[in-house]
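Quick look at run.txt (compact mmCIF, C-alpha atoms):
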# COMPACT_ATOMS: atom_id res chain seq x y z
CA MET A 266 -36.58 -70.06 -8.74
CA ARG A 267 -35.37 -67.53 -11.25
CA ARG A 268 -35.29 -64.88 -8.53
CA SER A 269 -33.14 -67.06 -6.20
CA VAL A 270 -30.71 -67.72 -9.07
CA LEU A 271 -30.46 -63.99 -9.66
CA VAL A 272 -29.88 -63.34 -5.94
CA LEU A 273 -27.28 -66.12 -5.77
CA GLY A 274 -25.61 -64.73 -8.91
CA ALA A 275 -25.55 -61.26 -7.38
CA VAL A 276 -24.01 -62.58 -4.15
CA LEU A 277 -21.38 -64.59 -6.04
CA ALA A 278 -20.60 -61.57 -8.17
CA LEU A 279 -19.87 -59.58 -5.00
CA ILE A 280 -17.42 -62.11 -3.56
CA PRO A 281 -14.54 -61.35 -5.96
CA VAL A 282 -15.10 -57.62 -5.47
CA SER A 283 -14.98 -58.01 -1.70
CA ALA A 284 -11.84 -60.16 -1.87
CA ALA A 285 -10.20 -57.67 -4.22
CA ALA A 286 -11.19 -54.78 -1.98
CA GLN A 287 -9.71 -56.54 1.04
CA ALA A 288 -6.50 -57.30 -0.83
CA GLN A 289 -6.17 -53.59 -1.63
CA LYS A 290 -6.34 -52.41 1.98
CA PRO A 291 -3.60 -49.88 2.53
CA ALA A 292 -0.48 -51.28 4.15
CA ALA A 293 0.41 -50.13 7.62
CA ARG A 294 2.11 -46.75 7.55
CA SER A 295 5.88 -46.85 7.87
CA LEU A 296 7.63 -45.31 10.84
CA TYR A 297 8.96 -42.67 8.42
CA GLU A 298 5.39 -41.72 7.47
CA ARG A 299 4.24 -41.72 11.10
CA LEU A 300 7.11 -39.37 11.96
CA GLY A 301 5.87 -36.96 9.32
CA GLY A 302 8.45 -37.44 6.59
CA LEU A 303 11.78 -35.92 5.71
CA TYR A 304 11.36 -32.45 7.19
CA ASN A 305 10.40 -33.80 10.59
CA VAL A 306 13.20 -36.37 10.53
CA ALA A 307 15.69 -33.63 9.57
CA ALA A 308 14.46 -31.34 12.36
CA VAL A 309 14.89 -34.09 14.96
CA VAL A 310 18.36 -34.98 13.66
CA ASP A 311 19.37 -31.31 13.63
CA ASP A 312 18.41 -30.87 17.28
CA PHE A 313 19.98 -34.18 18.33
CA ILE A 314 23.33 -33.44 16.66
CA ASP A 315 23.37 -29.97 18.23
CA ARG A 316 22.87 -31.60 21.63
CA ILE A 317 25.59 -34.22 21.29
CA TYR A 318 28.07 -31.68 19.94
CA VAL A 319 27.98 -29.87 23.29
CA ASN A 320 27.47 -32.89 25.57
CA ALA A 321 30.28 -32.77 28.15
CA THR A 322 30.18 -36.51 28.86
CA ILE A 323 30.51 -37.43 25.20
CA ASN A 324 33.11 -34.75 24.48
CA ALA A 325 35.23 -35.89 27.44
CA ASN A 326 36.28 -38.72 25.13
CA PRO A 327 39.40 -37.29 23.41
CA ALA A 328 38.77 -39.22 20.19
CA ILE A 329 35.31 -37.73 19.87
CA ALA A 330 36.37 -34.23 20.91
CA LYS A 331 39.04 -34.36 18.20
CA VAL A 332 36.45 -34.82 15.40
CA ARG A 333 34.01 -32.21 16.72
CA LYS A 334 34.71 -29.66 14.02
CA ALA A 335 32.12 -27.21 12.76
CA GLU A 336 32.61 -28.21 9.12
CA ARG A 337 31.85 -31.84 9.92
CA LYS A 338 28.63 -31.02 11.77
CA ALA A 339 26.54 -30.23 8.69
CA GLY A 340 27.73 -33.36 6.90
CA LEU A 341 26.96 -35.49 9.93
CA LYS A 342 23.44 -34.09 9.98
CA VAL A 343 22.96 -34.99 6.31
CA HIS A 344 24.29 -38.53 6.80
CA LEU A 345 22.20 -39.15 9.90
CA THR A 346 19.06 -37.69 8.32
CA ASN A 347 19.48 -40.00 5.33
CA GLN A 348 20.16 -42.96 7.60
CA VAL A 349 17.12 -42.34 9.81
CA CYS A 350 14.97 -41.73 6.75
CA MET A 351 16.11 -45.02 5.20
CA VAL A 352 15.85 -47.25 8.30
CA THR A 353 12.37 -45.95 9.11
CA GLY A 354 11.01 -46.81 5.66
CA GLY A 355 11.56 -43.55 3.82
CA PRO A 356 12.93 -43.04 0.31
CA CYS A 357 16.41 -41.81 1.30
CA LYS A 358 19.61 -43.74 0.77
CA TYR A 359 22.35 -43.67 3.38
CA ALA A 360 25.76 -43.60 1.69
CA GLY A 361 28.01 -43.32 4.73
CA LEU A 362 30.13 -45.88 6.50
CA ASP A 363 28.56 -48.74 8.43
CA MET A 364 28.34 -48.08 12.16
CA LYS A 365 31.28 -50.30 13.09
CA ALA A 366 33.62 -48.57 10.62
CA ALA A 367 32.32 -45.09 11.43
CA HIS A 368 32.93 -45.50 15.18
CA LYS A 369 35.94 -47.85 15.27
CA ASP A 370 38.42 -45.27 16.56
CA PHE A 371 36.17 -43.64 19.14
CA GLY A 372 36.33 -46.20 21.94
CA LEU A 373 32.86 -45.14 23.02
CA ALA A 374 32.10 -46.27 26.59
CA GLU A 375 28.77 -47.17 28.18
CA LYS A 376 28.51 -43.82 30.01
CA GLU A 377 28.92 -42.00 26.69
CA TRP A 378 26.28 -44.22 25.09
CA GLN A 379 23.89 -43.44 27.94
CA ALA A 380 24.56 -39.70 27.51
CA LEU A 381 23.82 -40.04 23.79
CA LEU A 382 20.55 -41.87 24.54
CA ALA A 383 19.55 -39.22 27.07
CA ASP A 384 20.09 -36.51 24.43
CA PHE A 385 18.13 -38.56 21.89
CA LYS A 386 15.21 -39.01 24.28
CA ALA A 387 15.26 -35.29 25.13
CA THR A 388 15.09 -34.44 21.43
CA LEU A 389 12.21 -36.85 20.82
CA GLY A 390 10.38 -35.32 23.79
CA LYS A 391 11.00 -31.78 22.55
CA PHE A 392 9.33 -32.61 19.24
CA GLY A 393 6.44 -34.48 20.85
CA VAL A 394 7.20 -37.79 19.15
CA PRO A 395 4.52 -40.21 20.38
CA ALA A 396 5.62 -42.97 22.78
CA PRO A 397 5.19 -45.90 20.30
CA GLU A 398 7.34 -44.14 17.70
CA GLN A 399 9.89 -43.17 20.36
CA LYS A 400 10.18 -46.81 21.35
CA GLU A 401 10.69 -47.89 17.74
CA LEU A 402 13.37 -45.25 17.23
CA ILE A 403 15.16 -46.10 20.47
CA ASP A 404 15.07 -49.79 19.54
CA ILE A 405 16.67 -48.92 16.19
CA VAL A 406 19.37 -46.88 17.91
CA ASN A 407 19.99 -49.62 20.49
CA SER A 408 20.40 -52.16 17.68
CA THR A 409 23.55 -50.26 16.63
CA LYS A 410 25.14 -50.37 20.09
CA PRO A 411 27.25 -53.52 19.51
CA ASP A 412 28.92 -51.79 16.56
CA ILE A 413 29.45 -48.47 18.35
CA VAL A 414 30.22 -49.10 22.04
CA ALA A 415 33.59 -50.67 22.80
CA GLY A 416 33.18 -54.09 24.39
CA SER A 417 29.41 -54.14 23.86
CA ALA A 418 27.98 -57.57 23.10
CA ALA A 419 25.36 -58.17 20.44
CA LYS A 420 21.89 -58.70 21.85
Turn the structure described in the file into structure tokens.
Amino acid sequence: MRRSVLVLGAVLALIPVSAAAQAQKPAARSLYERLGGLYNVAAVVDDFIDRIYVNATINANPAIAKVRKAERKAGLKVHLTNQVCMVTGGPCKYAGLDMKAAHKDFGLAEKEWQALLADFKATLGKFGVPAPEQKELIDIVNSTKPDIVAGSAAK
């Protein structure tokens, strides 16, 4: 009898430890972590901005071509790196304008949006971003479309 009480006591003593151990399971890694952190995010943004700065379809829009100045390029890269870092779960803080305000005067059309997405996908492919992370990133970008593309409806 004494032995069964000891065994039962030992089993009961393990239950709180097991529950505590389960409660301390690491949380799922953020998209930011799965992308490899700030340096990887910055590298992707750098390549992407370089692509859109020379994209003929996007630059055919006179409002966009007008703001394509070399001195703005570096600042845009910083803002976008901070934004991507933040929205993917990283520690950065985006301090720029919201997407609607930042793009209000551009009159971006669907064809320009599609050109931007094509450049984004090419950049993600160049860096070997895995398909699940690519999908998450593209979904994030697409969520901004109603605020960026003229006449685009919220989905």
(request) May I have the residues at most 12 Å from (21.6, -37.4, -2.9) in the file's coordinates, counting only C-alpha atoms, as a PyMOL selection string? (result) chain A and resi 343-344+346-348+356-361
(request) Measure the distance from atom CA of A:Ala383 to atom CA of A:Asp404 in Å and round it to one decimal. (result)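 Separation of atom CA of A:Ala383 and atom CA of A:Asp404: 13.7 Å.
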(message) Using only C-alpha atoms for the distances, tell me which of A:Ile323, A:Cys350, A:Leu373, A:Ile329 is nearest to A:Val310.
(response)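 The closest residue to A:Val310 is A:Cys350.
The gap separating atom CA of A:Gly354 from atom CA of A:Ser295 is 5.6 Å, in Å to one decimal.
Ranking A:Lys386, A:Lys342, A:Lys334, A:Lys369 by their shortest atom-to-atom distance to A:Pro411, with all atoms listed in the file included, puts A:Lys369 first.
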(request) Could you tell me which of A:Leu345, A:Val309, A:Ile314, A:Ala292 comes closest to A:Gly390 if we count only C-alpha atoms? (result)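 When distances to A:Gly390 are compared using only C-alpha atoms, the smallest one comes from A:Val309.
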(message) Show me, as a list in words, the residues that have an atom within 9 Å of A:Ile405 when counting all atoms listed in the file, minus same-chain residues fewer than 5 positions from it.
(response)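 Non-adjacent residues within range: Val352, Thr353 and Lys400 of chain A.
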Using C-alpha atoms, can you write the selected residues to a file as a PDB file, in the frame of the given file?
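The resulting file, again.pdb, is shown below:
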ATOM      1  CA  VAL A 352      15.850 -47.250   8.300  1.00  0.00           C
ATOM      2  CA  THR A 353      12.370 -45.950   9.110  1.00  0.00           C
ATOM      3  CA  LYS A 400      10.180 -46.810  21.350  1.00  0.00           C
TER       4      LYS A 400
END
(request) Report the distance between atom CA of A:Ala380 and atom CA of A:Asn320 in Å, rounded to one decimal place. (result)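 Taking atom CA of A:Ala380 as the start and atom CA of A:Asn320 as the end point, the length is 7.7 Å.
Among the candidates A:Ala367, A:Leu382, A:Ala293, A:Leu300, the one nearest to A:Glu398 when counting all atoms listed in the file is A:Leu300.
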(request) List the neighbours of A:Ile403 out to 12 Å using all atoms listed in the file; skip same-chain residues closer than 5 positions along the sequence, and give me the result as a PyMOL selection string. (result) chain A and resi 349+353+379+381-389+394+396-398+408-410
(request) Select, from A:Ser417, A:Asn407, A:Glu375, A:Glu401, the residue with the minimum atom-to-atom distance to A:Thr322, counting all atoms listed in the file. (result)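 Once distances to A:Thr322 are computed over all atoms listed in the file, the minimum belongs to A:Glu375.
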The centre and edge lengths of an axis-aligned box containing all atoms of stretch 402-418 of chain A present in the file, extended by 6 Å on each side, are to be given in Å to one decimal, as AutoDock Vina command-line options.
--center_x 23.5 --center_y -51.4 --center_z 20.3 --size_x 32.2 --size_y 24.3 --size_z 20.2
